[in-house]
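What follows is work_0.cif (mmCIF, C-alpha atoms and all ligand atoms).
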```
data_run
#
loop_
_atom_site.label_atom_id
_atom_site.label_comp_id
_atom_site.auth_asym_id
_atom_site.auth_seq_id
_atom_site.Cartn_x
_atom_site.Cartn_y
_atom_site.Cartn_z
CA MET A 24 0.00 0.00 0.00
CA GLY A 25 2.80 2.36 1.07
CA GLY A 26 4.74 1.52 -2.11
CA PHE A 27 1.68 2.10 -4.25
CA GLN A 28 1.00 5.43 -2.61
CA LYS A 29 4.63 6.45 -3.13
CA GLU A 30 4.45 5.50 -6.80
CA LEU A 31 1.19 7.41 -7.20
CA ASP A 32 2.70 10.48 -5.55
CA LEU A 33 5.72 10.22 -7.82
CA ASN A 34 3.48 9.96 -10.88
CA LEU A 35 1.44 12.94 -9.76
CA LYS A 36 4.59 14.93 -9.18
CA PHE A 37 5.80 13.98 -12.65
CA LEU A 38 2.51 15.03 -14.18
CA ASP A 39 2.46 18.29 -12.22
CA ASN A 40 5.97 19.20 -13.24
CA ASP A 41 5.27 18.69 -16.88
CA ILE A 42 1.72 19.88 -17.01
CA TYR A 43 2.45 22.98 -19.10
CA GLN A 44 4.46 20.93 -21.59
CA ASN A 45 2.12 17.93 -21.79
CA LEU A 46 -1.00 19.77 -22.92
CA LEU A 47 0.49 21.66 -25.86
CA PRO A 48 -1.53 21.60 -29.11
CA ILE A 49 -1.32 18.60 -31.41
CA ILE A 50 0.01 20.06 -34.65
CA LYS A 51 -0.62 18.95 -38.21
CA THR A 52 1.18 20.74 -41.05
CA ILE A 53 -0.98 21.21 -44.13
CA GLN A 54 1.26 23.50 -46.17
CA THR A 55 5.02 23.92 -46.21
CA GLY A 56 7.00 26.52 -48.16
CA GLU A 57 7.44 30.25 -47.67
CA VAL A 58 4.29 30.55 -45.57
CA LYS A 59 3.66 27.47 -43.47
CA ILE A 60 0.08 26.49 -42.61
CA ASN A 61 -0.70 24.25 -39.62
CA ILE A 62 -3.70 23.07 -37.65
CA TRP A 63 -3.37 23.34 -33.88
CA ASP A 64 -5.74 20.99 -32.12
CA ILE A 65 -6.35 21.53 -28.39
CA PRO A 66 -8.45 18.61 -27.17
CA TYR A 67 -8.59 19.61 -23.48
CA SER A 68 -11.20 21.26 -21.27
CA ILE A 69 -10.81 24.82 -19.94
CA GLY A 70 -10.52 23.34 -16.43
CA LYS A 71 -7.59 21.16 -17.45
CA LEU A 72 -5.86 24.08 -19.16
CA SER A 73 -6.30 26.32 -16.08
CA TYR A 74 -3.39 24.70 -14.27
CA LEU A 75 -1.26 26.47 -11.62
CA VAL A 76 -1.90 30.22 -11.30
CA HIS A 77 -4.02 30.36 -14.46
CA SER A 78 -7.00 29.58 -12.22
CA HIS A 79 -6.49 32.59 -9.90
CA TYR A 80 -8.93 34.79 -11.73
CA ARG A 81 -11.71 33.83 -14.09
CA TYR A 82 -11.04 36.05 -17.06
CA TYR A 83 -13.75 35.75 -19.66
CA GLY A 84 -12.21 35.77 -23.11
CA LYS A 85 -8.71 34.65 -22.24
CA PHE A 86 -6.91 32.31 -24.58
CA PRO A 87 -6.03 28.73 -23.65
CA SER A 88 -2.74 28.77 -21.72
CA VAL A 89 -1.19 26.36 -24.21
CA VAL A 90 -1.68 28.76 -27.13
CA ALA A 91 0.83 31.08 -25.47
CA GLY A 92 2.87 28.02 -24.44
CA GLN A 93 3.18 26.74 -28.00
CA ILE A 94 4.18 30.15 -29.38
CA LEU A 95 6.86 30.47 -26.70
CA LYS A 96 8.09 26.95 -27.35
CA GLN A 97 8.43 27.68 -31.06
CA TYR A 98 10.15 31.01 -30.48
CA PRO A 99 12.55 30.83 -27.53
CA PRO A 100 14.76 33.87 -26.87
CA LYS A 101 18.28 33.84 -28.31
CA ASN A 102 19.62 35.81 -25.38
CA PRO A 103 17.45 34.92 -22.35
CA LYS A 104 18.98 37.63 -20.14
CA ASN A 105 18.14 40.57 -22.37
CA ASP A 106 15.26 39.36 -24.52
CA PHE A 107 11.63 40.03 -23.57
CA MET A 108 8.25 38.77 -24.67
CA LEU A 109 5.71 41.63 -24.81
CA ASP A 110 1.94 41.07 -24.67
CA ASN A 111 0.19 44.30 -25.71
CA PHE A 112 -3.33 43.02 -24.80
CA CYS A 113 -2.23 40.98 -21.78
CA GLY A 114 -5.64 40.60 -20.05
CA SER A 115 -5.22 38.28 -17.08
CA GLY A 116 -1.56 37.57 -17.82
CA THR A 117 -1.74 34.11 -19.44
CA SER A 118 1.31 34.70 -21.64
CA LEU A 119 3.29 36.20 -18.73
CA VAL A 120 2.69 33.04 -16.69
CA GLU A 121 3.71 30.78 -19.58
CA SER A 122 6.83 32.90 -20.14
CA LYS A 123 7.88 32.72 -16.49
CA LEU A 124 7.49 28.93 -16.52
CA ARG A 125 10.02 28.82 -19.36
CA GLY A 126 12.45 31.30 -17.84
CA ILE A 127 11.54 34.04 -20.34
CA ASN A 128 11.36 37.72 -19.33
CA SER A 129 8.00 39.33 -20.04
CA ILE A 130 6.12 42.62 -20.20
CA GLY A 131 2.34 42.94 -20.18
CA ILE A 132 0.19 45.95 -21.08
CA ASP A 133 -3.55 46.28 -20.69
CA ILE A 134 -6.06 49.12 -20.53
CA SER A 135 -7.86 47.67 -17.49
CA TRP A 136 -6.38 48.08 -14.00
CA LEU A 137 -8.11 44.88 -12.83
CA SER A 138 -6.41 42.89 -15.59
CA ILE A 139 -3.06 44.39 -14.72
CA LEU A 140 -3.56 43.62 -11.03
CA ALA A 141 -4.51 39.99 -11.78
CA SER A 142 -1.53 39.61 -14.13
CA LYS A 143 0.88 41.13 -11.63
CA VAL A 144 -0.28 38.93 -8.75
CA LYS A 145 0.19 35.74 -10.79
CA VAL A 146 3.84 36.44 -11.55
CA SER A 147 4.88 38.16 -8.27
CA GLU A 148 6.58 36.72 -5.21
CA VAL A 149 4.62 36.76 -1.95
CA ASN A 150 5.56 35.99 1.63
CA PHE A 151 3.25 33.08 2.43
CA GLU A 152 3.67 33.39 6.22
CA TYR A 153 2.64 37.02 6.21
CA LEU A 154 -0.22 36.19 3.86
CA GLU A 155 -1.48 33.47 6.22
CA ASP A 156 -1.25 35.83 9.24
CA GLU A 157 -3.24 38.46 7.40
CA LEU A 158 -5.85 35.91 6.33
CA GLN A 159 -6.27 34.77 9.94
CA ASN A 160 -6.62 38.40 11.11
CA LEU A 161 -9.17 39.00 8.41
CA ILE A 162 -11.18 35.93 9.49
CA ARG A 163 -11.09 37.09 13.13
CA SER A 164 -12.25 40.56 12.18
CA PHE A 165 -14.99 39.09 9.98
CA LYS A 166 -16.31 36.90 12.82
CA GLU A 167 -16.36 39.84 15.23
CA LYS A 168 -18.37 41.97 12.84
CA SER A 169 -20.60 39.62 10.87
CA HIS A 170 -23.09 38.97 13.69
CA LEU A 171 -23.77 42.72 13.79
CA PHE A 172 -25.52 42.31 10.45
CA GLU A 173 -27.79 45.17 9.55
CA ASP A 174 -29.33 46.23 6.30
CA LEU A 175 -26.82 48.80 5.09
CA PRO A 176 -28.16 51.49 2.82
CA ILE A 177 -27.05 50.10 -0.52
CA ASP A 178 -27.50 51.60 -3.94
CA TYR A 179 -29.71 50.27 -6.72
CA PHE A 180 -26.87 48.45 -8.52
CA CYS A 181 -25.76 46.67 -5.38
CA SER A 182 -29.27 45.63 -4.32
CA LYS A 183 -29.92 44.31 -7.82
CA TRP A 184 -26.87 42.01 -7.84
CA PHE A 185 -26.25 41.15 -4.17
CA SER A 186 -28.43 40.15 -1.23
CA ASN A 187 -28.17 42.60 1.69
CA LYS A 188 -26.32 40.02 3.78
CA VAL A 189 -23.77 39.33 1.05
CA ALA A 190 -23.25 43.07 0.50
CA PHE A 191 -22.70 43.51 4.25
CA GLU A 192 -20.19 40.65 4.40
CA LEU A 193 -18.30 41.76 1.29
CA THR A 194 -18.09 45.20 2.90
CA ILE A 195 -16.38 43.70 5.99
CA ILE A 196 -13.72 42.03 3.82
CA LYS A 197 -13.31 45.11 1.63
CA ASP A 198 -12.84 47.33 4.72
CA TYR A 199 -10.21 44.97 6.13
CA LEU A 200 -8.28 45.00 2.85
CA ILE A 201 -8.47 48.79 2.60
CA GLY A 202 -6.89 49.00 6.07
CA MET A 203 -3.91 46.78 5.18
CA ASN A 204 -0.53 48.28 4.33
CA TYR A 205 0.35 48.21 0.63
CA SER A 206 2.21 44.98 -0.18
CA PRO A 207 2.21 42.15 -2.72
CA GLU A 208 0.30 40.09 -0.12
CA ARG A 209 -2.44 42.72 -0.04
CA ASP A 210 -2.61 42.66 -3.86
CA PHE A 211 -2.97 38.88 -3.64
CA LEU A 212 -5.82 39.12 -1.10
CA ILE A 213 -7.57 41.81 -3.19
CA VAL A 214 -7.48 39.55 -6.27
CA ALA A 215 -8.97 36.71 -4.19
CA PHE A 216 -11.70 39.12 -3.05
CA ILE A 217 -12.56 40.27 -6.55
CA ALA A 218 -12.43 36.68 -7.78
CA ILE A 219 -15.33 35.63 -5.50
CA VAL A 220 -17.62 38.56 -6.32
CA ARG A 221 -19.42 36.81 -9.18
CA ARG A 222 -19.77 33.58 -7.21
CA VAL A 223 -21.48 35.20 -4.19
CA SER A 224 -23.63 37.54 -6.33
CA LEU A 225 -27.11 36.79 -7.66
CA ALA A 226 -25.72 36.39 -11.20
CA PHE A 227 -25.02 33.20 -13.11
CA ASP A 228 -21.44 32.11 -12.42
CA GLY A 229 -20.50 30.99 -15.90
CA GLU A 230 -21.94 33.72 -18.08
CA VAL A 231 -19.79 36.27 -19.77
CA ARG A 232 -22.10 39.26 -19.37
CA PRO A 233 -23.86 38.95 -15.99
CA HIS A 234 -27.58 38.12 -15.74
CA ILE A 235 -29.63 37.39 -12.63
CA ASN A 236 -30.05 33.70 -11.82
CA ARG A 237 -33.32 33.52 -9.87
CA THR A 238 -32.70 29.98 -8.68
CA LYS A 239 -29.13 30.50 -7.49
CA ARG A 240 -28.28 28.96 -4.12
CA PRO A 241 -26.95 31.60 -1.68
CA ARG A 242 -23.19 31.22 -1.08
CA ASP A 243 -21.41 31.88 2.16
CA VAL A 244 -19.02 34.82 1.66
CA LEU A 245 -16.38 33.93 4.26
CA SER A 246 -16.05 30.27 3.26
CA ALA A 247 -15.92 31.26 -0.44
CA TYR A 248 -13.16 33.73 0.39
CA ILE A 249 -11.11 31.33 2.52
CA LYS A 250 -11.40 28.59 -0.10
CA LYS A 251 -10.40 30.93 -2.91
CA THR A 252 -7.39 32.27 -0.99
CA ASN A 253 -6.20 28.78 0.00
CA ASP A 254 -6.56 27.49 -3.58
CA MET A 255 -4.59 30.48 -4.83
CA VAL A 256 -1.84 29.90 -2.24
CA LYS A 257 -1.55 26.23 -3.21
CA ASN A 258 -1.35 27.05 -6.91
CA GLN A 259 1.07 29.92 -6.38
CA LYS A 260 3.43 27.65 -4.42
CA SER A 261 3.38 24.93 -7.11
CA PHE A 262 3.93 27.59 -9.77
CA ASN A 263 6.86 29.15 -7.91
CA ASP A 264 8.45 25.72 -7.49
CA LEU A 265 8.35 25.15 -11.25
CA CYS A 266 9.62 28.55 -12.40
CA PRO A 267 13.32 29.12 -12.93
CA SER A 268 14.42 32.08 -10.81
CA ASN A 269 15.77 35.43 -12.01
CA THR A 270 13.29 36.26 -14.73
CA ILE A 271 11.84 39.78 -14.97
CA GLU A 272 8.12 40.41 -15.21
CA LYS A 273 6.73 43.93 -15.69
CA THR A 274 3.14 45.04 -16.09
CA PHE A 275 1.91 48.41 -17.32
CA LEU A 276 -1.53 49.92 -17.21
CA GLY A 277 -1.92 51.76 -20.47
CA ASP A 278 -3.14 52.06 -24.01
CA ASN A 279 -1.22 49.92 -26.50
CA LEU A 280 -1.34 52.80 -28.99
CA ASN A 281 1.27 54.54 -26.84
CA LEU A 282 3.91 51.82 -26.56
CA SER A 283 6.72 53.98 -27.81
CA LYS A 284 6.11 56.39 -24.90
CA ILE A 285 6.84 53.73 -22.27
CA LYS A 286 10.41 54.51 -21.22
CA TYR A 287 11.00 51.04 -19.78
CA LEU A 288 10.74 49.58 -23.28
CA HIS A 289 13.37 51.84 -24.81
CA ASP A 290 16.41 49.70 -24.02
CA LYS A 291 14.74 46.26 -24.11
CA ASN A 292 14.92 43.76 -26.92
CA ILE A 293 11.31 42.75 -27.61
CA TYR A 294 12.18 39.60 -29.49
CA LEU A 295 8.56 38.39 -29.50
CA VAL A 296 5.15 40.08 -29.27
CA ILE A 297 2.15 37.93 -28.36
CA SER A 298 -1.05 39.79 -29.07
CA HIS A 299 -4.64 38.75 -28.40
CA PRO A 300 -7.04 41.61 -29.18
CA PRO A 301 -10.75 41.43 -28.29
CA TYR A 302 -12.46 39.41 -31.02
CA LEU A 303 -14.58 41.46 -33.36
CA ASN A 304 -18.31 41.18 -32.54
CA SER A 305 -17.78 39.05 -29.42
CA PHE A 306 -18.04 41.55 -26.53
CA ASN A 307 -16.45 44.66 -25.06
CA TYR A 308 -14.46 43.88 -21.95
CA SER A 309 -15.34 46.50 -19.33
CA PRO A 310 -19.16 45.90 -19.23
CA VAL A 311 -18.50 42.21 -18.58
CA TYR A 312 -16.74 43.14 -15.32
CA ASN A 313 -19.45 45.44 -13.91
CA LEU A 314 -19.79 43.43 -10.71
CA GLU A 315 -16.05 43.13 -10.18
CA PHE A 316 -15.50 46.83 -10.89
CA TYR A 317 -18.29 47.69 -8.43
CA TRP A 318 -16.33 46.14 -5.54
CA GLY A 319 -12.98 46.98 -7.09
CA LYS A 320 -13.71 50.73 -7.27
CA TYR A 321 -12.68 51.11 -3.60
CA PHE A 322 -9.13 50.18 -4.61
CA GLU A 323 -9.02 51.71 -8.07
CA ASN A 324 -7.46 55.02 -7.02
CA GLU A 325 -4.47 53.18 -5.57
CA TYR A 326 -3.75 51.35 -8.81
CA VAL A 327 -4.59 54.03 -11.32
CA ASP A 328 -2.77 57.37 -11.64
CA LYS A 329 -5.14 60.32 -11.60
CA GLU A 330 -4.60 61.05 -15.28
CA LYS A 331 -5.41 57.45 -16.19
CA ILE A 332 -8.61 57.17 -14.18
CA SER A 333 -10.93 56.95 -17.18
CA LEU A 334 -8.50 54.94 -19.26
CA HIS A 335 -10.86 52.01 -19.73
CA LYS A 336 -13.00 54.32 -21.85
CA THR A 337 -10.36 54.11 -24.57
CA GLU A 338 -10.66 50.33 -24.67
CA LEU A 339 -10.70 48.87 -28.16
CA LYS A 340 -14.40 48.34 -28.91
CA ALA A 341 -15.27 45.09 -30.64
CA HIS A 342 -19.06 44.95 -30.37
CA PRO A 343 -21.39 45.38 -32.21
CA ALA A 344 -19.43 44.95 -35.44
CA ASN A 345 -21.32 47.56 -37.46
CA GLU A 346 -19.40 49.44 -40.11
CA ILE A 347 -18.22 52.23 -37.79
CA ILE A 348 -16.94 49.83 -35.11
CA GLN A 349 -15.30 47.64 -37.78
CA ASN A 350 -13.41 50.59 -39.24
CA LYS A 351 -12.29 51.78 -35.83
CA TYR A 352 -11.31 48.24 -34.87
CA PHE A 353 -9.01 47.72 -37.85
CA GLU A 354 -7.66 51.26 -37.53
CA HIS A 355 -6.73 50.57 -33.89
CA LEU A 356 -5.01 47.30 -34.79
CA LYS A 357 -3.11 48.99 -37.60
CA LYS A 358 -1.84 51.67 -35.19
CA CYS A 359 -0.96 49.26 -32.43
CA TYR A 360 1.09 47.01 -34.75
CA GLU A 361 2.82 50.09 -36.15
CA GLU A 362 3.83 50.69 -32.54
CA THR A 363 5.17 47.14 -32.02
CA TYR A 364 7.00 47.40 -35.37
CA SER A 365 8.65 50.62 -34.25
CA ILE A 366 10.07 49.07 -31.07
CA GLN A 367 11.12 45.64 -32.43
CA GLU A 368 14.51 44.82 -33.89
CA LYS A 369 14.87 43.20 -37.32
CA ASP A 370 13.83 39.51 -37.15
CA GLY A 371 11.55 40.17 -34.14
CA LYS A 372 8.39 38.01 -34.20
CA LEU A 373 4.76 39.03 -33.82
CA ALA A 374 2.12 36.37 -32.99
CA ILE A 375 -1.49 37.55 -33.29
CA VAL A 376 -4.27 35.36 -31.88
CA ILE A 377 -7.50 36.33 -33.62
CA GLY A 378 -10.71 34.94 -35.13
CA ASP A 379 -13.17 35.64 -37.92
CA CYS A 380 -16.76 36.47 -37.05
CA SER A 381 -20.11 37.10 -38.64
CA ARG A 382 -22.67 39.84 -38.31
CA ASN A 383 -26.24 39.44 -39.51
CA LYS A 384 -25.11 36.09 -40.95
CA LYS A 385 -22.49 37.85 -43.06
CA HIS A 386 -18.97 36.53 -42.76
CA ILE A 387 -16.28 39.06 -41.75
CA PRO A 388 -12.83 37.73 -42.73
CA VAL A 389 -10.92 39.31 -39.83
CA ILE A 390 -7.87 37.05 -40.25
CA ASN A 391 -7.27 37.89 -43.91
CA ARG A 392 -7.96 41.60 -43.43
CA LEU A 393 -5.51 41.72 -40.56
CA ILE A 394 -2.83 39.86 -42.51
CA ASP A 395 -3.07 42.50 -45.25
CA ILE A 396 -2.87 45.36 -42.73
CA VAL A 397 0.12 43.94 -40.86
CA LYS A 398 2.01 43.15 -44.08
CA LEU A 399 1.55 46.75 -45.25
CA ILE A 400 3.21 47.92 -42.02
CA GLY A 401 6.31 45.97 -43.06
CA TYR A 402 6.01 42.65 -41.22
CA GLU A 403 6.52 39.48 -43.27
CA LEU A 404 3.96 36.66 -42.93
CA VAL A 405 5.69 33.47 -41.75
CA GLU A 406 3.04 31.04 -40.59
CA ILE A 407 -0.72 30.65 -40.12
CA ASN A 408 -1.91 28.21 -37.48
CA TYR A 409 -5.62 27.51 -37.57
CA ARG A 410 -6.99 26.47 -34.22
CA THR A 411 -9.53 23.82 -33.31
CA THR A 412 -10.66 23.10 -29.77
CA HIS A 413 -13.22 20.83 -28.21
CA TYR A 414 -14.75 23.24 -25.72
CA GLY A 415 -18.22 22.37 -26.93
CA LEU A 416 -20.69 25.02 -27.96
CA GLY A 417 -22.52 25.43 -24.65
CA LYS A 418 -25.42 27.64 -23.76
CA TYR A 419 -23.32 30.77 -23.63
CA ALA A 420 -21.15 30.20 -26.67
CA TYR A 421 -21.35 32.80 -29.36
CA ASN A 422 -22.11 31.31 -32.71
CA HIS A 423 -21.25 34.57 -34.47
CA ARG A 424 -17.68 34.05 -33.26
CA ALA A 425 -15.14 31.82 -34.94
CA ASP A 426 -16.14 28.21 -35.31
CA TYR A 427 -13.61 26.17 -33.39
CA HIS A 428 -14.73 22.82 -34.64
CA GLY A 429 -13.15 22.79 -38.01
CA ASN A 430 -16.36 21.96 -39.89
CA ASN A 431 -16.86 25.50 -41.01
CA GLU A 432 -14.64 26.39 -43.91
CA GLU A 433 -15.30 30.11 -43.64
CA LYS A 434 -15.04 31.29 -40.03
CA ARG A 435 -11.71 30.45 -38.49
CA ASP A 436 -9.60 31.12 -35.47
CA ALA A 437 -5.88 31.53 -36.00
CA ILE A 438 -2.50 32.26 -34.54
CA ILE A 439 -0.73 34.29 -37.23
CA ILE A 440 3.05 34.60 -37.04
CA PHE A 441 4.90 37.53 -38.62
CA LYS A 442 8.55 38.52 -38.72
CA LYS A 443 9.97 42.04 -38.86
C1 LIG B 1 -8.86 39.01 -25.57
S1 LIG B 1 -8.38 39.87 -24.12
C2 LIG B 1 -6.77 39.27 -23.81
C3 LIG B 1 -6.82 38.07 -22.91
C4 LIG B 1 -5.47 37.51 -22.56
N1 LIG B 1 -4.83 36.88 -23.69
C5 LIG B 1 -5.62 36.48 -21.44
O1 LIG B 1 -5.34 35.32 -21.66
O2 LIG B 1 -6.06 36.86 -20.35
C6 LIG B 1 -8.15 41.48 -24.73
C7 LIG B 1 -7.67 42.51 -23.71
O3 LIG B 1 -7.41 43.72 -24.40
C8 LIG B 1 -7.56 44.77 -23.45
N2 LIG B 1 -7.59 46.04 -24.22
C9 LIG B 1 -8.61 46.57 -24.93
N3 LIG B 1 -8.24 47.74 -25.49
C10 LIG B 1 -6.94 47.95 -25.15
C11 LIG B 1 -6.00 48.98 -25.44
N4 LIG B 1 -6.34 50.04 -26.15
N5 LIG B 1 -4.74 48.87 -24.92
C12 LIG B 1 -4.40 47.80 -24.17
N6 LIG B 1 -5.27 46.79 -23.86
C13 LIG B 1 -6.52 46.86 -24.34
C14 LIG B 1 -8.82 44.40 -22.69
O4 LIG B 1 -8.87 45.06 -21.45
C15 LIG B 1 -8.64 42.88 -22.58
O5 LIG B 1 -8.06 42.55 -21.35
#
```
The structure in this file should be written as structure tokens.
Ligand SMILES: C[S@@+](CC[C@H](N)C(=O)[O-])C[C@H]1O[C@@H](n2cnc3c(N)ncnc32)[C@H](O)[C@@H]1O
Amino acid sequence: MGGFQKELDLNLKFLDNDIYQNLLPIIKTIQTGEVKINIWDIPYSIGKLSYLVHSHYRYYGKFPSVVAGQILKQYPPKNPKNDFMLDNFCGSGTSLVESKLRGINSIGIDISWLSILASKVKVSEVNFEYLEDELQNLIRSFKEKSHLFEDLPIDYFCSKWFSNKVAFELTIIKDYLIGMNYSPERDFLIVAFIAIVRRVSLAFDGEVRPHINRTKRPRDVLSAYIKKTNDMVKNQKSFNDLCPSNTIEKTFLGDNLNLSKIKYLHDKNIYLVISHPPYLNSFNYSPVYNLEFYWGKYFENEYVDKEKISLHKTELKAHPANEIIQNKYFEHLKKCYEETYSIQEKDGKLAIVIGDCSRNKKHIPVINRLIDIVKLIGYELVEINYRTTHYGLGKYAYNHRADYHGNNEEKRDAIIIFKK
């Protein structure tokens, strides 16, 4: 029995250590020559692909971790000390995490402070003892205050999405976090707090844009928070154990149209850009996070410089894909890849993860239009990787998005590789 257990533990350890290498796409080449064309098949569930710190924060619209992993595997840095991967739409930091696992320096930029906070927490060091002490203090404070429950005067938005008791209990946690000294551990606990907001609200858990779920079972705020924090600690420890030390990770809150103004980038070799813009006609990001921003607003001032406070308003709009939005969308992408071109050295790579879509049943060939735009900037097309996954088209899937299942010749999802 002991021997069996030992063997099982060893196997599990082996699997854990290699998890980010074992789930990479299965690749079939369908065209060789000057421009290579491949099919990347990812036959795993989202849960399986959310290994290690990828599960810290449920970011609707992130790409599968192994998409970033495969790009990084194909394009390792020549000079690991000085070369950086840059993600100019970094969202929840998927590509930063995959870079760190491989000992690659990375820089992430996003227009949303919540995304930047989530990205930063995933790739930062924390003191686990201090974190545990703070969690215990928070629990003590919660228990002292929660029995004093009273109906707080809450605004219309809050009473629509949260029961009075949940709003009261979230307020206790929020107040504790506000009182903590600034530290990476506080950032970590704030991400755990924001990560449970949807779960304890009256909204469906799994939907992208929130809607009330009238039959939702009430969730206990404190136990949801403790569980989330403990899960994050466990995953962060396993992640840290796997990452080679001495890599650099930097995150910037900002608009990717202003890359050349970021001083930090001036003396860095951006050998690879990974770029995953919002998909045309899928959704705009900030409205999806209404509930999280509602509770996050108490911290926003600390993370956002005064002049950047309304930055999310300059988010690249992707929905609805009428003619005006389409034009603005492609104009934005043109400008932002002009920016990456201006800061990359010759031979630098650009990997864009993007999909076609349809509007009013009319196909919009986003991939081909983007290839033309990026080539005109000066990049050379090297490879197109069409993606298939087996996520299943569930209740909340968008059928006007790319068709992942490979049985639709027209709408596709691709990872397009360019070279400067
Ligand atoms: C498709 S998501 C990227 C998801 C990311 N790959 C991940 O795995 O989490 C697109 C991101 O672009 C960001 N964004 C939109 N407009 C932007 C802009 N002008 N500059 C920088 N980021 C922007 C959104 O906030 C969103 O996080």
* Step by step, measure atom-to-atom distances between ligand LIG 1 (chain B) and each residue using all atoms listed in the file, keep those at most 9 Å, then write them as a PyMOL selection string. => chain A and resi 77+81-88+91+110-118+132-139+142+276-281+297-302+307-309+334-341+355+359+376-377
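Reported to one decimal place, the separation of atom CA of Ile62 of chain A from atom CA of Gly371 of chain A is 23.2 Å.
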* From the set A:Ile348, A:Glu406, A:Ile440, A:Leu314, which residue has the shortest atom-to-atom contact distance to Lys59 of chain A, counting only C-alpha atoms? -> A:Glu406
* To do: For atom CA of Glu148 of chain A and atom CA of Asn263 of chain A, determine how far apart the two atoms are, in Å to one decimal place.
  => 8.0 Å
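Across the structure, atom CA of Phe191 of chain A and atom CA of Ile249 of chain A are spaced 16.9 Å apart.
Shortest atom-to-atom contact with Ser381 of chain A among A:Val311, A:Ile366, A:Asn304, A:Leu140: A:Asn304, counting all atoms listed in the file.
Each of A:Ile375, A:Val149, A:Ile217, A:Val223 was compared to Ala190 of chain A using only C-alpha atoms, and A:Val223 turns out to be the nearest.
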* Asked: Near segment 178-185 of chain A, counting all atoms listed in the file, which residues have an atom at most 10 Å away, once you skip same-chain residues fewer than 5 positions from it, shown as an MDAnalysis selection string?
  -> chainID A and resid 190:191 193 220:221 223:226 233:236 241 313:314 317:318
Can you write out as JSON lines which residues of segment 265-363 of chain A fall within 8 Å of segment 385-404 of chain A, alongside each residue's closest atom pair and its distance in Å to one decimal, counting all atoms listed in the file and ordering rows by chain and ascending residue number?
```
{"residue": "A:Leu303", "atom": "CA", "partner": "A:Val389", "partner_atom": "CA", "distance": 7.7}
{"residue": "A:Phe353", "atom": "CA", "partner": "A:Leu393", "partner_atom": "CA", "distance": 7.5}
{"residue": "A:Lys357", "atom": "CA", "partner": "A:Ile396", "partner_atom": "CA", "distance": 6.3}
{"residue": "A:Tyr360", "atom": "CA", "partner": "A:Val397", "partner_atom": "CA", "distance": 6.9}
{"residue": "A:Glu361", "atom": "CA", "partner": "A:Ile400", "partner_atom": "CA", "distance": 6.3}
```
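Here the residues that fall within 12 Å of (17.0, 40.9, -24.7), using only C-alpha atoms, are given as A:Pro99, A:Pro100, A:Lys101, A:Asn102, A:Pro103, A:Lys104, A:Asn105, A:Asp106, A:Phe107, A:Met108, A:Leu109, A:Ile127, A:Asn128, A:Ser129, A:Ile130, A:Thr270, A:Ile271, A:Leu288, A:His289, A:Asp290, A:Lys291, A:Asn292, A:Ile293, A:Tyr294, A:Leu295, A:Gln367, A:Glu368, A:Gly371.
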* Looking at only C-alpha atoms, which of A:Pro343, A:Gly56, A:Gly229, A:Gly70 is the one that sits closest to Val405 of chain A? -> A:Gly56
* So which residues fall inside 7 Å of (-5.1, 21.2, -30.8) if we count only C-alpha atoms? Mind giving them as a VMD selection string? -> chain A and resid 48 to 50 63 to 66 410 to 412
* Shortest interatomic distance to Lys250 of chain A - which of A:Val189, A:His170, A:Ile219, A:Ala344, counting only C-alpha atoms -> A:Ile219
How about completing segment 262-268 of chain A with N, CA, C and O atoms and giving it to me as a CSV table (one decimal), in the frame of the given file?
```
chain,number,residue,atom,x,y,z
A,262,PHE,N,3.4,26.8,-8.6
A,262,PHE,CA,3.9,27.6,-9.8
A,262,PHE,C,5.3,28.1,-9.5
A,262,PHE,O,6.3,27.9,-10.3
A,263,ASN,N,5.5,28.6,-8.3
A,263,ASN,CA,6.9,29.2,-7.9
A,263,ASN,C,7.9,28.0,-8.0
A,263,ASN,O,9.0,28.3,-8.4
A,264,ASP,N,7.5,26.8,-7.5
A,264,ASP,CA,8.4,25.7,-7.5
A,264,ASP,C,8.9,25.4,-8.9
A,264,ASP,O,10.0,24.9,-9.1
A,265,LEU,N,8.0,25.6,-9.9
A,265,LEU,CA,8.4,25.2,-11.2
A,265,LEU,C,9.1,26.2,-12.0
A,265,LEU,O,9.8,25.9,-13.0
A,266,CYS,N,9.0,27.5,-11.6
A,266,CYS,CA,9.6,28.6,-12.4
A,266,CYS,C,11.1,28.7,-12.1
A,266,CYS,O,11.5,28.8,-11.0
A,267,PRO,N,11.9,28.8,-13.2
A,267,PRO,CA,13.3,29.1,-12.9
A,267,PRO,C,13.4,30.5,-12.3
A,267,PRO,O,12.5,31.3,-12.6
A,268,SER,N,14.4,30.8,-11.5
A,268,SER,CA,14.4,32.1,-10.8
A,268,SER,C,15.1,33.1,-11.8
A,268,SER,O,15.5,32.8,-12.8
```
